[in-house]
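**Student:** target_17.cif is reproduced in full below (mmCIF, C-alpha atoms (C1' of nucleotides)).
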data_data
#
loop_
_atom_site.group_PDB
_atom_site.id
_atom_site.type_symbol
_atom_site.label_atom_id
_atom_site.label_comp_id
_atom_site.auth_asym_id
_atom_site.auth_seq_id
_atom_site.Cartn_x
_atom_site.Cartn_y
_atom_site.Cartn_z
ATOM 1 C CA MET A 642 91.020 49.551 128.856
ATOM 2 C CA LYS A 643 92.442 50.803 132.145
ATOM 3 C CA ILE A 644 91.133 49.386 135.426
ATOM 4 C CA ALA A 645 92.402 50.953 138.651
ATOM 5 C CA THR A 646 92.029 50.104 142.321
ATOM 6 C CA PHE A 647 92.154 52.915 144.875
ATOM 7 C CA ASN A 648 91.515 52.803 148.620
ATOM 8 C CA ILE A 649 90.477 56.425 149.016
ATOM 9 C CA ASN A 650 89.993 56.387 152.818
ATOM 10 C CA GLY A 651 86.833 58.486 152.944
ATOM 11 C CA ILE A 652 85.037 59.602 149.765
ATOM 12 C CA LYS A 653 83.917 62.953 151.163
ATOM 13 C CA ALA A 654 87.403 63.994 152.273
ATOM 14 C CA ARG A 655 88.911 62.852 148.971
ATOM 15 C CA LEU A 656 86.313 64.156 146.524
ATOM 16 C CA PRO A 657 88.250 67.055 144.909
ATOM 17 C CA ARG A 658 91.496 65.067 144.709
ATOM 18 C CA LEU A 659 89.751 62.053 143.219
ATOM 19 C CA LEU A 660 87.963 64.128 140.569
ATOM 20 C CA GLU A 661 91.307 65.679 139.603
ATOM 21 C CA TRP A 662 92.948 62.278 139.316
ATOM 22 C CA LEU A 663 90.105 60.888 137.194
ATOM 23 C CA GLU A 664 90.497 63.824 134.809
ATOM 24 C CA ASP A 665 94.286 63.407 134.648
ATOM 25 C CA PHE A 666 94.499 59.625 134.439
ATOM 26 C CA GLN A 667 91.327 58.834 132.442
ATOM 27 C CA PRO A 668 90.713 55.282 133.675
ATOM 28 C CA ASP A 669 87.827 53.244 132.275
ATOM 29 C CA VAL A 670 86.993 51.677 135.623
ATOM 30 C CA VAL A 671 87.952 52.548 139.207
ATOM 31 C CA CYS A 672 87.432 50.102 142.065
ATOM 32 C CA LEU A 673 87.136 52.148 145.246
ATOM 33 C CA GLN A 674 87.548 50.936 148.813
ATOM 34 C CA GLU A 675 86.942 52.552 152.194
ATOM 35 C CA ILE A 676 84.380 55.013 150.881
ATOM 36 C CA LYS A 677 83.239 55.317 154.531
ATOM 37 C CA SER A 678 79.769 56.358 153.442
ATOM 38 C CA THR A 679 76.345 54.859 152.919
ATOM 39 C CA ASP A 680 74.841 54.477 149.446
ATOM 40 C CA GLU A 681 72.630 57.480 150.257
ATOM 41 C CA THR A 682 75.450 59.809 151.358
ATOM 42 C CA PHE A 683 77.914 58.903 148.581
ATOM 43 C CA PRO A 684 78.485 62.063 146.467
ATOM 44 C CA ARG A 685 77.048 60.346 143.416
ATOM 45 C CA PHE A 686 76.031 63.490 141.526
ATOM 46 C CA GLU A 687 79.538 64.966 141.516
ATOM 47 C CA PHE A 688 80.791 61.906 139.620
ATOM 48 C CA GLU A 689 77.762 61.535 137.373
ATOM 49 C CA ALA A 690 78.137 65.180 136.364
ATOM 50 C CA ALA A 691 81.651 64.302 135.188
ATOM 51 C CA GLY A 692 80.309 61.424 133.110
ATOM 52 C CA TRP A 693 80.832 58.476 135.453
ATOM 53 C CA THR A 694 78.535 55.570 136.131
ATOM 54 C CA VAL A 695 78.458 55.003 139.907
ATOM 55 C CA GLU A 696 77.625 51.810 141.796
ATOM 56 C CA THR A 697 78.134 51.623 145.549
ATOM 57 C CA HIS A 698 77.965 49.117 148.366
ATOM 58 C CA GLY A 699 78.322 51.273 151.458
ATOM 59 C CA GLN A 700 77.718 51.387 155.162
ATOM 60 C CA LYS A 701 77.841 54.067 157.834
ATOM 61 C CA ALA A 702 81.301 55.334 158.901
ATOM 62 C CA PHE A 703 83.429 52.301 157.979
ATOM 63 C CA ASN A 704 84.416 50.150 155.005
ATOM 64 C CA GLY A 705 82.331 50.484 151.840
ATOM 65 C CA VAL A 706 83.280 49.754 148.211
ATOM 66 C CA ALA A 707 82.212 51.236 144.865
ATOM 67 C CA PHE A 708 82.722 51.348 141.119
ATOM 68 C CA LEU A 709 83.236 54.368 138.931
ATOM 69 C CA SER A 710 82.984 53.448 135.255
ATOM 70 C CA LYS A 711 82.904 55.190 131.898
ATOM 71 C CA HIS A 712 80.940 52.215 130.555
ATOM 72 C CA PRO A 713 77.706 50.548 131.666
ATOM 73 C CA ILE A 714 77.923 48.066 134.554
ATOM 74 C CA THR A 715 75.668 45.011 134.421
ATOM 75 C CA ASP A 716 74.893 41.969 136.582
ATOM 76 C CA ILE A 717 75.954 43.678 139.815
ATOM 77 C CA GLN A 718 76.400 41.629 142.969
ATOM 78 C CA ARG A 719 76.804 43.259 146.368
ATOM 79 C CA GLY A 720 78.411 41.364 149.229
ATOM 80 C CA LEU A 721 80.620 38.289 149.239
ATOM 81 C CA PRO A 722 78.716 34.978 149.205
ATOM 82 C CA ALA A 723 78.976 32.368 151.951
ATOM 83 C CA LEU A 724 81.265 29.372 151.507
ATOM 84 C CA ASP A 725 78.512 27.365 149.795
ATOM 85 C CA GLY A 726 77.767 30.171 147.345
ATOM 86 C CA SER A 727 74.537 31.292 148.998
ATOM 87 C CA PRO A 728 74.109 34.939 150.032
ATOM 88 C CA CYS A 729 75.939 35.565 153.304
ATOM 89 C CA THR A 730 73.309 36.701 155.783
ATOM 90 C CA ASP A 731 75.500 37.285 158.857
ATOM 91 C CA ASP A 732 78.067 39.670 157.294
ATOM 92 C CA ASP A 733 77.099 43.295 157.919
ATOM 93 C CA GLN A 734 80.411 44.724 156.681
ATOM 94 C CA ALA A 735 80.304 46.219 153.163
ATOM 95 C CA ARG A 736 83.506 44.945 151.586
ATOM 96 C CA TYR A 737 82.645 43.488 148.171
ATOM 97 C CA ILE A 738 80.960 44.519 144.934
ATOM 98 C CA GLU A 739 81.157 42.789 141.557
ATOM 99 C CA GLY A 740 79.885 43.597 138.087
ATOM 100 C CA THR A 741 80.496 43.172 134.363
ATOM 101 C CA ILE A 742 82.011 46.013 132.342
ATOM 102 C CA LYS A 743 82.772 45.605 128.624
ATOM 103 C CA GLY A 744 82.737 41.836 129.021
ATOM 104 C CA VAL A 745 85.123 41.851 132.000
ATOM 105 C CA ARG A 746 83.948 40.590 135.388
ATOM 106 C CA VAL A 747 85.371 43.072 137.898
ATOM 107 C CA ALA A 748 85.346 42.983 141.715
ATOM 108 C CA SER A 749 86.184 45.757 144.165
ATOM 109 C CA ILE A 750 87.482 44.135 147.342
ATOM 110 C CA TYR A 751 88.169 45.561 150.791
ATOM 111 C CA LEU A 752 89.576 42.615 152.669
ATOM 112 C CA PRO A 753 89.489 42.828 156.482
ATOM 113 C CA ASN A 754 92.639 44.160 158.143
ATOM 114 C CA GLY A 755 92.647 41.501 160.858
ATOM 115 C CA ASN A 756 94.452 43.391 163.622
ATOM 116 C CA PRO A 757 94.739 42.995 166.521
ATOM 117 C CA ARG A 758 95.881 39.412 166.336
ATOM 118 C CA PRO A 759 95.032 36.942 167.697
ATOM 119 C CA GLY A 760 91.373 37.677 168.218
ATOM 120 C CA PRO A 761 87.973 37.883 166.535
ATOM 121 C CA LYS A 762 89.153 40.364 163.902
ATOM 122 C CA PHE A 763 91.884 38.020 162.686
ATOM 123 C CA ASP A 764 89.435 35.101 162.710
ATOM 124 C CA TYR A 765 87.032 37.195 160.613
ATOM 125 C CA LYS A 766 89.818 38.029 158.155
ATOM 126 C CA LEU A 767 90.665 34.372 157.612
ATOM 127 C CA GLN A 768 87.063 33.229 157.189
ATOM 128 C CA TRP A 769 86.474 36.142 154.783
ATOM 129 C CA MET A 770 89.505 35.039 152.753
ATOM 130 C CA ASP A 771 88.165 31.477 152.678
ATOM 131 C CA ARG A 772 84.885 32.815 151.293
ATOM 132 C CA LEU A 773 86.775 34.913 148.738
ATOM 133 C CA THR A 774 88.763 31.889 147.562
ATOM 134 C CA ALA A 775 85.614 29.797 147.194
ATOM 135 C CA HIS A 776 83.889 32.555 145.237
ATOM 136 C CA ALA A 777 86.968 33.213 143.091
ATOM 137 C CA GLU A 778 86.911 29.558 142.090
ATOM 138 C CA HIS A 779 83.249 29.822 141.083
ATOM 139 C CA LEU A 780 84.078 32.874 138.971
ATOM 140 C CA LEU A 781 86.626 30.871 136.962
ATOM 141 C CA ALA A 782 83.828 28.590 135.750
ATOM 142 C CA ARG A 783 82.390 31.573 133.852
ATOM 143 C CA GLU A 784 85.491 31.495 131.641
ATOM 144 C CA MET A 785 85.413 35.244 131.160
ATOM 145 C CA PRO A 786 88.145 37.814 131.773
ATOM 146 C CA THR A 787 88.009 38.476 135.515
ATOM 147 C CA VAL A 788 89.801 41.129 137.573
ATOM 148 C CA LEU A 789 89.736 40.899 141.368
ATOM 149 C CA ALA A 790 90.969 44.319 142.428
ATOM 150 C CA GLY A 791 91.281 45.897 145.821
ATOM 151 C CA ASP A 792 92.893 46.388 149.173
ATOM 152 C CA TYR A 793 93.728 42.820 150.185
ATOM 153 C CA ASN A 794 95.385 43.813 153.469
ATOM 154 C CA VAL A 795 98.002 41.157 152.714
ATOM 155 C CA ILE A 796 101.725 41.779 152.221
ATOM 156 C CA PRO A 797 102.431 38.767 149.995
ATOM 157 C CA HIS A 798 106.225 38.612 150.460
ATOM 158 C CA ASP A 799 108.882 40.339 152.540
ATOM 159 C CA ILE A 800 109.966 42.270 149.425
ATOM 160 C CA ASP A 801 106.572 43.966 149.594
ATOM 161 C CA CYS A 802 107.437 45.606 152.928
ATOM 162 C CA TYR A 803 110.026 48.256 153.823
ATOM 163 C CA ASN A 804 110.783 46.614 157.167
ATOM 164 C CA PRO A 805 109.670 42.964 157.345
ATOM 165 C CA ALA A 806 111.131 42.491 160.826
ATOM 166 C CA GLY A 807 108.856 45.207 162.162
ATOM 167 C CA TRP A 808 105.768 43.501 160.730
ATOM 168 C CA VAL A 809 106.247 39.903 161.902
ATOM 169 C CA ASP A 810 103.392 40.100 164.407
ATOM 170 C CA ASP A 811 101.030 41.986 162.096
ATOM 171 C CA ALA A 812 97.944 40.365 160.569
ATOM 172 C CA LEU A 813 99.088 41.505 157.094
ATOM 173 C CA THR A 814 102.161 39.235 157.068
ATOM 174 C CA GLN A 815 100.933 36.153 158.938
ATOM 175 C CA PRO A 816 101.502 32.765 157.288
ATOM 176 C CA GLU A 817 97.735 32.137 157.472
ATOM 177 C CA SER A 818 97.059 35.379 155.561
ATOM 178 C CA ARG A 819 99.777 34.784 152.993
ATOM 179 C CA ALA A 820 98.736 31.163 152.425
ATOM 180 C CA ARG A 821 95.178 32.239 151.655
ATOM 181 C CA PHE A 822 96.442 34.901 149.236
ATOM 182 C CA ARG A 823 98.567 32.239 147.522
ATOM 183 C CA SER A 824 95.538 29.956 147.299
ATOM 184 C CA LEU A 825 94.013 32.526 144.914
ATOM 185 C CA LEU A 826 97.138 32.313 142.762
ATOM 186 C CA TYR A 827 97.046 28.504 142.867
ATOM 187 C CA LEU A 828 93.498 28.644 141.485
ATOM 188 C CA GLY A 829 95.041 30.238 138.412
ATOM 189 C CA TYR A 830 94.863 33.965 139.133
ATOM 190 C CA THR A 831 97.838 36.151 138.178
ATOM 191 C CA ASP A 832 99.194 38.918 140.416
ATOM 192 C CA ALA A 833 99.308 41.559 137.648
ATOM 193 C CA GLN A 834 101.916 43.722 139.372
ATOM 194 C CA ARG A 835 104.363 40.809 139.698
ATOM 195 C CA GLN A 836 103.669 39.691 136.126
ATOM 196 C CA ILE A 837 104.872 43.093 134.887
ATOM 197 C CA THR A 838 107.453 43.828 137.612
ATOM 198 C CA PRO A 839 108.724 40.490 138.994
ATOM 199 C CA THR A 840 111.147 41.960 141.541
ATOM 200 C CA GLY A 841 111.598 45.102 143.572
ATOM 201 C CA ALA A 842 109.345 47.220 145.747
ATOM 202 C CA CYS A 843 105.979 48.342 144.349
ATOM 203 C CA TYR A 844 104.451 49.923 147.427
ATOM 204 C CA SER A 845 100.835 51.069 147.386
ATOM 205 C CA TYR A 846 100.363 52.241 151.002
ATOM 206 C CA TRP A 847 102.300 54.518 153.344
ATOM 207 C CA ASP A 848 101.179 55.188 156.923
ATOM 208 C CA PHE A 849 100.111 58.751 157.745
ATOM 209 C CA GLN A 850 102.432 58.665 160.754
ATOM 210 C CA ARG A 851 106.198 58.888 161.302
ATOM 211 C CA GLY A 852 106.895 60.445 157.890
ATOM 212 C CA SER A 853 106.375 57.108 156.170
ATOM 213 C CA TRP A 854 105.772 58.655 152.741
ATOM 214 C CA GLN A 855 108.803 60.938 152.914
ATOM 215 C CA LYS A 856 111.002 57.971 153.898
ATOM 216 C CA ASP A 857 109.273 55.627 151.405
ATOM 217 C CA ASN A 858 108.397 53.304 154.289
ATOM 218 C CA GLY A 859 105.630 51.596 152.328
ATOM 219 C CA ILE A 860 103.937 48.257 151.875
ATOM 220 C CA ARG A 861 102.276 46.569 148.872
ATOM 221 C CA ILE A 862 98.737 45.542 149.810
ATOM 222 C CA ASP A 863 96.611 46.743 146.866
ATOM 223 C CA HIS A 864 96.480 44.024 144.244
ATOM 224 C CA LEU A 865 94.824 43.173 140.930
ATOM 225 C CA LEU A 866 94.406 39.422 140.417
ATOM 226 C CA LEU A 867 93.638 38.329 136.858
ATOM 227 C CA SER A 868 91.994 35.177 135.551
ATOM 228 C CA ALA A 869 93.760 33.477 132.650
ATOM 229 C CA GLN A 870 91.413 35.141 130.160
ATOM 230 C CA ALA A 871 92.255 38.556 131.630
ATOM 231 C CA SER A 872 95.958 37.775 132.004
ATOM 232 C CA ASP A 873 96.105 37.024 128.260
ATOM 233 C CA LEU A 874 94.951 40.633 127.680
ATOM 234 C CA LEU A 875 97.411 42.222 130.142
ATOM 235 C CA LEU A 876 99.405 45.085 128.607
ATOM 236 C CA ASP A 877 100.722 46.866 131.696
ATOM 237 C CA CYS A 878 100.375 47.281 135.461
ATOM 238 C CA LYS A 879 101.741 50.161 137.506
ATOM 239 C CA VAL A 880 101.495 51.992 140.799
ATOM 240 C CA ASP A 881 100.578 55.669 140.315
ATOM 241 C CA ARG A 882 102.426 57.381 143.151
ATOM 242 C CA ILE A 883 101.388 60.899 142.157
ATOM 243 C CA PRO A 884 98.155 61.097 144.217
ATOM 244 C CA ARG A 885 99.982 60.064 147.400
ATOM 245 C CA GLY A 886 102.243 63.121 147.164
ATOM 246 C CA LYS A 887 99.411 65.674 146.882
ATOM 247 C CA GLU A 888 97.685 67.696 149.614
ATOM 248 C CA LYS A 889 95.268 65.754 151.841
ATOM 249 C CA PRO A 890 96.025 62.395 150.213
ATOM 250 C CA SER A 891 94.682 58.962 151.050
ATOM 251 C CA ASP A 892 97.233 56.718 152.754
ATOM 252 C CA HIS A 893 96.924 54.455 149.678
ATOM 253 C CA THR A 894 97.695 55.312 146.055
ATOM 254 C CA PRO A 895 96.115 53.824 142.894
ATOM 255 C CA VAL A 896 97.346 50.671 141.178
ATOM 256 C CA TRP A 897 96.127 50.037 137.640
ATOM 257 C CA VAL A 898 96.158 47.496 134.835
ATOM 258 C CA SER A 899 95.812 48.115 131.131
ATOM 259 C CA LEU A 900 94.002 45.341 129.225
ATOM 260 C CA ASP A 901 94.022 44.893 125.463
ATOM 261 C CA ILE A 902 90.329 45.781 125.069
ATOM 262 C CA ASP A 903 89.164 48.852 123.118
ATOM 263 C "C1'" DA B 37 104.567 51.161 176.899
ATOM 264 C "C1'" DT B 38 102.973 55.231 174.673
ATOM 265 C "C1'" DG B 39 101.844 58.159 171.068
ATOM 266 C "C1'" DG B 40 102.197 59.701 166.727
ATOM 267 C "C1'" DT B 41 97.943 60.842 162.065
ATOM 268 C "C1'" DA B 42 93.585 60.566 159.645
ATOM 269 C "C1'" DG B 43 88.372 59.984 158.598
ATOM 270 C "C1'" DA B 44 83.506 59.690 159.845
ATOM 271 C "C1'" DA B 45 81.213 61.553 163.390
ATOM 272 C "C1'" DG B 46 80.101 64.582 166.826
ATOM 273 C "C1'" DG B 47 81.596 59.601 170.847
ATOM 274 C "C1'" DT B 48 84.856 56.579 169.970
ATOM 275 C "C1'" DC B 49 86.205 53.130 166.510
ATOM 276 C "C1'" DT B 50 89.151 51.644 162.791
ATOM 277 C "C1'" DA B 51 93.378 51.517 160.577
#
Could you render the structure as structure tokens?
**Tutor:**
Amino acid sequence: MKIATFNINGIKARLPRLLEWLEDFQPDVVCLQEIKSTDETFPRFEFEAAGWTVETHGQKAFNGVAFLSKHPITDIQRGLPALDGSPCTDDDQARYIEGTIKGVRVASIYLPNGNPRPGPKFDYKLQWMDRLTAHAEHLLAREMPTVLAGDYNVIPHDIDCYNPAGWVDDALTQPESRARFRSLLYLGYTDAQRQITPTGACYSYWDFQRGSWQKDNGIRIDHLLLSAQASDLLLDCKVDRIPRGKEKPSDHTPVWVSLDID
DNA sequence: ATGGTAGAAGGTCTA
């Protein structure tokens, strides 16, 4: 079973490229971020016609997350709960969707960027991460394979950045951001990419500007975190750089895990 | 310090 995460940076602009990649790569589940569409304007039919189950949590113009799945999705939850587990009523940004697919609890996460810093956007990022950590802990109590996949907007270590010195003031490298990412690992989640490839660069994002892709000036911010039950099933995890090199690409490229489930 | 690119919109905002 292959589960991929892909920040597609606009579903309408990426539609033909994404359909091609789905046909080539044949994932079971894709966690999408930055669909930049509402549920109503998501091009649902184009995917359904190709055999995909579609579940979205969108908003106008910004953010938005979704699932594409070859298998049924059950027990869907839209939006990240508040710290106490109750539905969060004052968060109007669509950044989280969760569901069960073939017995695996899967989340598609678009964590706030947090720039500029300091300021309200960085404060929002940190409180969102606190809510994610609290919810991730609740998920462990289900004792089912769980995959938290998405654009975390966190560069976990300097090795995950082409030029750490140039990013010291950025929200993606701040100690507060990195500590909260580590708190997910301390709960017991495994960073699948680092389980398979402990050292070396595994970039998943290259800026559209300054020839970043051509110079491989990338960062690793798209992650798949696995509960122990999912980690026990982990066969492989890779970055698929091919989509980033095509015409009209997203600035991100897919990262995927293969789990030992038929 | 500025601007460089891209997407959703059809004016700026976000990244």
**Student:** Report as a PyMOL selection string the set of chain B residues whose atoms approach chain A to within 10 Å, with distances computed over only C-alpha atoms (C1' of nucleotides).
**Tutor:** chain B and resi 40-45+49-51
**Student:** Using the selection just defined, write its residues with C-alpha atoms (C1' of nucleotides) as a compact mmCIF listing (two decimals), in the frame of the given file.
**Tutor:**
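Below is the file out-v7.txt, written as the result:
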# COMPACT_ATOMS: atom_id res chain seq x y z
C1' DG B 40 102.20 59.70 166.73
C1' DT B 41 97.94 60.84 162.06
C1' DA B 42 93.58 60.57 159.65
C1' DG B 43 88.37 59.98 158.60
C1' DA B 44 83.51 59.69 159.84
C1' DA B 45 81.21 61.55 163.39
C1' DC B 49 86.20 53.13 166.51
C1' DT B 50 89.15 51.64 162.79
C1' DA B 51 93.38 51.52 160.58
**Student:** For the file shown, report as a list in words the outcome of the PyMOL selection byres ((chain A and resi 684-695) around 6) at residue level.
**Tutor:**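 In the shown coordinates, the PyMOL selection byres ((chain A and resi 684-695) around 6) covers Phe683, Glu696, Phe708, Leu709, Ser710 and Lys711 of chain A.
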**Student:** Contacts of Thr787 of chain A at 8 Å or less, counting only C-alpha atoms (C1' of nucleotides), minus same-chain residues fewer than 2 places along, as a list in words?
**Tutor:** Val745, Arg746, Val747, Leu780, Leu781, Met785, Leu789, Leu867, Ser868, Gln870 and Ala871 of chain A
**Student:** Can you find the residues with an atom no farther than 7 Å from (82.7, 31.3, 152.8), counting only C-alpha atoms (C1' of nucleotides), and report them as a PyMOL selection string?
**Tutor:** chain A and resi 722-725+768-769+771-773+775
**Student:** One number please: atom CA of Leu866 of chain A to atom CA of Gly726 of chain A, in Å, one decimal.
**Tutor:** 20.3 Å
**Student:** Run the PyMOL selection byres ((chain A and resi 674) around 9) mentally over the shown coordinates, then write out the matched residues as a PDB file with C-alpha atoms, in the coordinates of the input, using the chain letters and numbers from the document.
**Tutor:**
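Once everything was written out, this is expr20.pdb:
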ATOM      1  CA  THR A 646      92.029  50.104 142.321  1.00  0.00           C
ATOM      2  CA  PHE A 647      92.154  52.915 144.875  1.00  0.00           C
ATOM      3  CA  ASN A 648      91.515  52.803 148.620  1.00  0.00           C
ATOM      4  CA  ILE A 649      90.477  56.425 149.016  1.00  0.00           C
ATOM      5  CA  ASN A 650      89.993  56.387 152.818  1.00  0.00           C
ATOM      6  CA  GLY A 651      86.833  58.486 152.944  1.00  0.00           C
ATOM      7  CA  CYS A 672      87.432  50.102 142.065  1.00  0.00           C
ATOM      8  CA  LEU A 673      87.136  52.148 145.246  1.00  0.00           C
ATOM      9  CA  GLU A 675      86.942  52.552 152.194  1.00  0.00           C
ATOM     10  CA  ILE A 676      84.380  55.013 150.881  1.00  0.00           C
ATOM     11  CA  LYS A 677      83.239  55.317 154.531  1.00  0.00           C
ATOM     12  CA  ASN A 704      84.416  50.150 155.005  1.00  0.00           C
ATOM     13  CA  GLY A 705      82.331  50.484 151.840  1.00  0.00           C
ATOM     14  CA  VAL A 706      83.280  49.754 148.211  1.00  0.00           C
ATOM     15  CA  ALA A 707      82.212  51.236 144.865  1.00  0.00           C
ATOM     16  CA  ARG A 736      83.506  44.945 151.586  1.00  0.00           C
ATOM     17  CA  TYR A 737      82.645  43.488 148.171  1.00  0.00           C
ATOM     18  CA  SER A 749      86.184  45.757 144.165  1.00  0.00           C
ATOM     19  CA  ILE A 750      87.482  44.135 147.342  1.00  0.00           C
ATOM     20  CA  TYR A 751      88.169  45.561 150.791  1.00  0.00           C
ATOM     21  CA  GLY A 791      91.281  45.897 145.821  1.00  0.00           C
ATOM     22  CA  ASP A 792      92.893  46.388 149.173  1.00  0.00           C
TER      23      ASP A 792
END
**Student:** Quick one: pull the distance between atom CA of Val670 of chain A and atom CA of His779 of chain A, Å, one decimal.
**Tutor:** 22.8 Å
